[in-house]
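What follows is one structure encoded as structure tokens, with my remarks underneath.
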Amino acid sequence: MSSEVKHYPLISGGVKQRYASAVVVDNLVLVSGMTVQDPATGTCQTHGIRDQMNVCLTRTKNALEEAASSMENIVKTLVLVKDMKDFPELRATELEFYKKHALRLVEEPPACTAMQIVSLAKPEFLVEYEAVAVLKRT
């Protein structure tokens with residue numbers, strides 16, 4: 001039995017990247033790590049952990065919606081953060097976002113892995129957010 005696979009390309013700085021923003025395999029949606037890199041210019045959109053997390057979450061939301069899913073269908077996240085001292089504010093920002101855009105995740109949070117890393121794609125990036133979701137919940 002073969003699986004249906006659909007790719008949603010990522011455009012950054014006007015250039016199609018060598019990886020997808022999301023890939024759908026049957027009922028599973030895999031969203032690439034989202035950063036604050038502006039898709040049109042390739043530059044950093046904002047500074048500060050709260051603002052950067054909101055951009056990452058919005059880009060994740062957009063990728064999921066493009067793939068015919070939604071934030072409410074997230075089942076697993078991976079958060080890469082440069083400094084764990086920012087983690088409490090990052091999680092508070094995530095919860096605020098869920099309250100506005102994915103109320104189900106407030107009561108039924110996804111599995112999550114958080115890791116402090118030395119660097120991200122650009123020195124000014126503080127966080128990267130990756131998600132796994134389903135297309136439809138049964």
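FYI, nothing fancy with the structure tokens labels: chains A, B, ... in order, residues from 1 per chain, ligands from 1 as they appear.
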
Can you list, as a tab-separated table (two decimals) with N, CA and C atoms, in the first residue's frame, every protein, DNA or RNA residue that comes within 12 Å of segment 43-47 of chain A when you count only C-alpha atoms, leaving out same-chain residues fewer than 3 positions away?
```tsv
chain	number	residue	atom	x	y	z
A	12	SER	N	11.60	31.76	0.06
A	12	SER	CA	12.30	32.70	0.93
A	12	SER	C	13.18	33.60	0.08
A	13	GLY	N	13.06	34.91	0.29
A	13	GLY	CA	13.82	35.86	-0.51
A	13	GLY	C	13.48	35.75	-1.98
A	14	GLY	N	12.23	35.32	-2.27
A	14	GLY	CA	11.79	35.16	-3.65
A	14	GLY	C	12.29	33.90	-4.33
A	35	THR	N	10.81	30.18	11.39
A	35	THR	CA	11.61	31.21	12.03
A	35	THR	C	11.02	32.58	11.69
A	36	VAL	N	11.72	33.63	12.05
A	36	VAL	CA	11.26	34.99	11.75
A	36	VAL	C	11.85	35.52	10.45
A	37	GLN	N	12.38	34.63	9.62
A	37	GLN	CA	12.92	35.06	8.34
A	37	GLN	C	11.78	35.48	7.42
A	38	ASP	N	11.82	36.70	6.94
A	38	ASP	CA	10.79	37.22	6.05
A	38	ASP	C	10.85	36.46	4.73
A	39	PRO	N	9.73	35.84	4.29
A	39	PRO	CA	9.74	35.06	3.05
A	39	PRO	C	10.07	35.90	1.82
A	40	ALA	N	9.76	37.16	1.83
A	40	ALA	CA	10.00	38.01	0.66
A	40	ALA	C	11.44	38.48	0.57
A	50	ARG	N	9.17	37.26	22.48
A	50	ARG	CA	7.71	37.27	22.33
A	50	ARG	C	7.32	37.55	20.88
A	51	ASP	N	7.89	38.57	20.28
A	51	ASP	CA	7.58	38.90	18.89
A	51	ASP	C	8.01	37.79	17.94
A	52	GLN	N	9.19	37.24	18.17
A	52	GLN	CA	9.67	36.18	17.30
A	52	GLN	C	8.79	34.93	17.41
A	53	MET	N	8.37	34.59	18.63
A	53	MET	CA	7.51	33.42	18.80
A	53	MET	C	6.18	33.63	18.10
A	54	ASN	N	5.62	34.82	18.18
A	54	ASN	CA	4.35	35.10	17.49
A	54	ASN	C	4.49	34.96	15.97
A	55	VAL	N	5.60	35.41	15.42
A	55	VAL	CA	5.83	35.25	13.98
A	55	VAL	C	5.94	33.77	13.63
A	56	CYS	N	6.69	33.01	14.43
A	56	CYS	CA	6.85	31.57	14.18
A	56	CYS	C	5.50	30.86	14.23
A	59	ARG	N	3.37	31.82	11.17
A	59	ARG	CA	3.85	31.12	9.97
A	59	ARG	C	3.46	29.65	10.02
A	120	LEU	N	20.87	29.34	15.45
A	120	LEU	CA	19.86	29.03	14.44
A	120	LEU	C	20.39	29.51	13.10
A	121	ALA	N	19.54	29.58	12.09
A	121	ALA	CA	19.99	29.91	10.74
A	121	ALA	C	20.68	31.26	10.64
A	122	LYS	N	20.23	32.23	11.45
A	122	LYS	CA	20.85	33.55	11.47
A	122	LYS	C	21.08	33.94	12.93
A	123	PRO	N	22.13	34.69	13.21
A	123	PRO	CA	22.47	35.03	14.60
A	123	PRO	C	21.36	35.76	15.36
A	124	GLU	N	20.53	36.54	14.66
A	124	GLU	CA	19.48	37.30	15.33
A	124	GLU	C	18.23	36.47	15.64
A	125	PHE	N	18.16	35.25	15.13
A	125	PHE	CA	17.02	34.37	15.41
A	125	PHE	C	17.15	33.82	16.83
A	126	LEU	N	16.06	33.91	17.60
A	126	LEU	CA	16.04	33.42	18.98
A	126	LEU	C	15.30	32.12	19.14
A	127	VAL	N	14.39	31.80	18.20
A	127	VAL	CA	13.54	30.62	18.33
A	127	VAL	C	13.17	30.08	16.95
```

DSSP helix (DSSP H, G or I) selection over chain A, as JSON, numbers by chain = {"A": [49, 50, 51, 52, 53, 54, 55, 56, 57, 58, 59, 60, 61, 62, 63, 64, 65, 66, 71, 72, 73, 84, 85, 86, 87, 88, 89, 90, 91, 92, 93, 94, 95, 96, 97, 98, 99, 100, 101, 104, 105, 106, 107]}

Counting only C-alpha atoms, which of A:Thr41, A:Thr58, A:Ser32, A:Thr138 gets nearest to Thr93 of chain A?
-> A:Thr58

Closest of A:Gly33, A:Gly42, A:Pro88, A:Pro109 to Ser21 of chain A, counting only C-alpha atoms, is A:Gly33

Considering only C-alpha atoms, state which residue in the set A:Met84, A:Leu105, A:Ile74, A:Cys112 is at the smallest distance from Val31 of chain A.
->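 Looking only at the distances to Val31 of chain A, the closest residue turns out to be A:Ile74.
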
Distance query Leu103 of chain A at most 12 Å, only C-alpha atoms, self and fewer than 3 positions along chain excluded, as a PyMOL selection string | chain A and resi 70-74+94-100+106-109

Name all residues at most 8 Å from Leu135 of chain A (count only C-alpha atoms; drop same-chain ones fewer than 4 positions away) and give them as a PyMOL selection string.
-> chain A and resi 27-29+67-70+73

Atom CA of Val79 of chain A and atom CA of Leu30 of chain A are how many Å apart?
-> 14.2 Å

Go through A:Ala111, A:Glu65, A:Thr60, A:Glu130 one by one, measure the shortest atom-to-atom distance of each to Val81 of chain A using only C-alpha atoms, and give the residue with the smallest value.
->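 Among A:Ala111, A:Glu65, A:Thr60, A:Glu130, it is A:Glu130 that comes nearest to Val81 of chain A.
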
Near Val25 of chain A, counting only C-alpha atoms, which residues have an atom at most 9 Å away, once you skip same-chain residues fewer than 5 positions from it, shown as an MDAnalysis selection string?
-> chainID A and resid 3:7 30

Go through segment 8-119 of chain A and collect every residue that DSSP, computed from the backbone, puts in strand (DSSP E); the answer should be as an NGL selection string.
-> :A and (8-12 or 15-25 or 28-34 or 74-81 or 111-116)

Let me see the file: selected residues, C-alpha atoms, as a PDB file, in the first residue's frame.
```pdb
ATOM      1  CA  TYR A   8       3.974  22.707  -0.093  1.00  0.00           C
ATOM      2  CA  PRO A   9       7.091  24.619  -1.207  1.00  0.00           C
ATOM      3  CA  LEU A  10       8.793  27.236   0.913  1.00  0.00           C
ATOM      4  CA  ILE A  11       9.698  30.510  -0.776  1.00  0.00           C
ATOM      5  CA  SER A  12      12.297  32.704   0.927  1.00  0.00           C
ATOM      6  CA  VAL A  15      13.547  31.821  -4.132  1.00  0.00           C
ATOM      7  CA  LYS A  16      11.991  28.362  -3.841  1.00  0.00           C
ATOM      8  CA  GLN A  17      13.925  26.580  -1.104  1.00  0.00           C
ATOM      9  CA  ARG A  18      15.234  23.019  -1.229  1.00  0.00           C
ATOM     10  CA  TYR A  19      12.756  21.973   1.474  1.00  0.00           C
ATOM     11  CA  ALA A  20       9.012  22.323   1.887  1.00  0.00           C
ATOM     12  CA  SER A  21       7.169  24.474   4.413  1.00  0.00           C
ATOM     13  CA  ALA A  22       4.884  21.464   4.906  1.00  0.00           C
ATOM     14  CA  VAL A  23       4.480  17.932   3.644  1.00  0.00           C
ATOM     15  CA  VAL A  24       1.260  15.963   3.934  1.00  0.00           C
ATOM     16  CA  VAL A  25       1.440  12.175   4.089  1.00  0.00           C
ATOM     17  CA  LEU A  28      -0.232  13.546   8.779  1.00  0.00           C
ATOM     18  CA  VAL A  29       1.057  17.107   8.266  1.00  0.00           C
ATOM     19  CA  LEU A  30       4.746  17.783   8.891  1.00  0.00           C
ATOM     20  CA  VAL A  31       5.564  21.499   9.178  1.00  0.00           C
ATOM     21  CA  SER A  32       9.173  22.606   8.809  1.00  0.00           C
ATOM     22  CA  GLY A  33      10.803  24.675  11.505  1.00  0.00           C
ATOM     23  CA  MET A  34       9.444  28.202  11.251  1.00  0.00           C
ATOM     24  CA  ILE A  74      -1.274  19.943  16.130  1.00  0.00           C
ATOM     25  CA  VAL A  75      -0.221  16.808  18.011  1.00  0.00           C
ATOM     26  CA  LYS A  76       3.537  17.433  18.461  1.00  0.00           C
ATOM     27  CA  THR A  77       5.841  20.448  18.545  1.00  0.00           C
ATOM     28  CA  LEU A  78       9.567  21.002  18.639  1.00  0.00           C
ATOM     29  CA  VAL A  79      10.845  24.324  19.970  1.00  0.00           C
ATOM     30  CA  LEU A  80      14.474  25.277  19.423  1.00  0.00           C
ATOM     31  CA  VAL A  81      15.513  28.212  21.579  1.00  0.00           C
ATOM     32  CA  ALA A 111       3.401  16.650  22.957  1.00  0.00           C
ATOM     33  CA  CYS A 112       6.397  18.994  22.991  1.00  0.00           C
ATOM     34  CA  THR A 113      10.160  18.806  22.908  1.00  0.00           C
ATOM     35  CA  ALA A 114      12.169  21.941  23.705  1.00  0.00           C
ATOM     36  CA  MET A 115      15.894  22.223  23.172  1.00  0.00           C
ATOM     37  CA  GLN A 116      18.435  24.963  23.790  1.00  0.00           C
TER      38      GLN A 116
END
```

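Between Asp86 of chain A and the candidates A:Val118, A:Ala102, A:Ile49, A:Lys136, the tightest atom-to-atom separation, counting only C-alpha atoms, involves A:Ile49.
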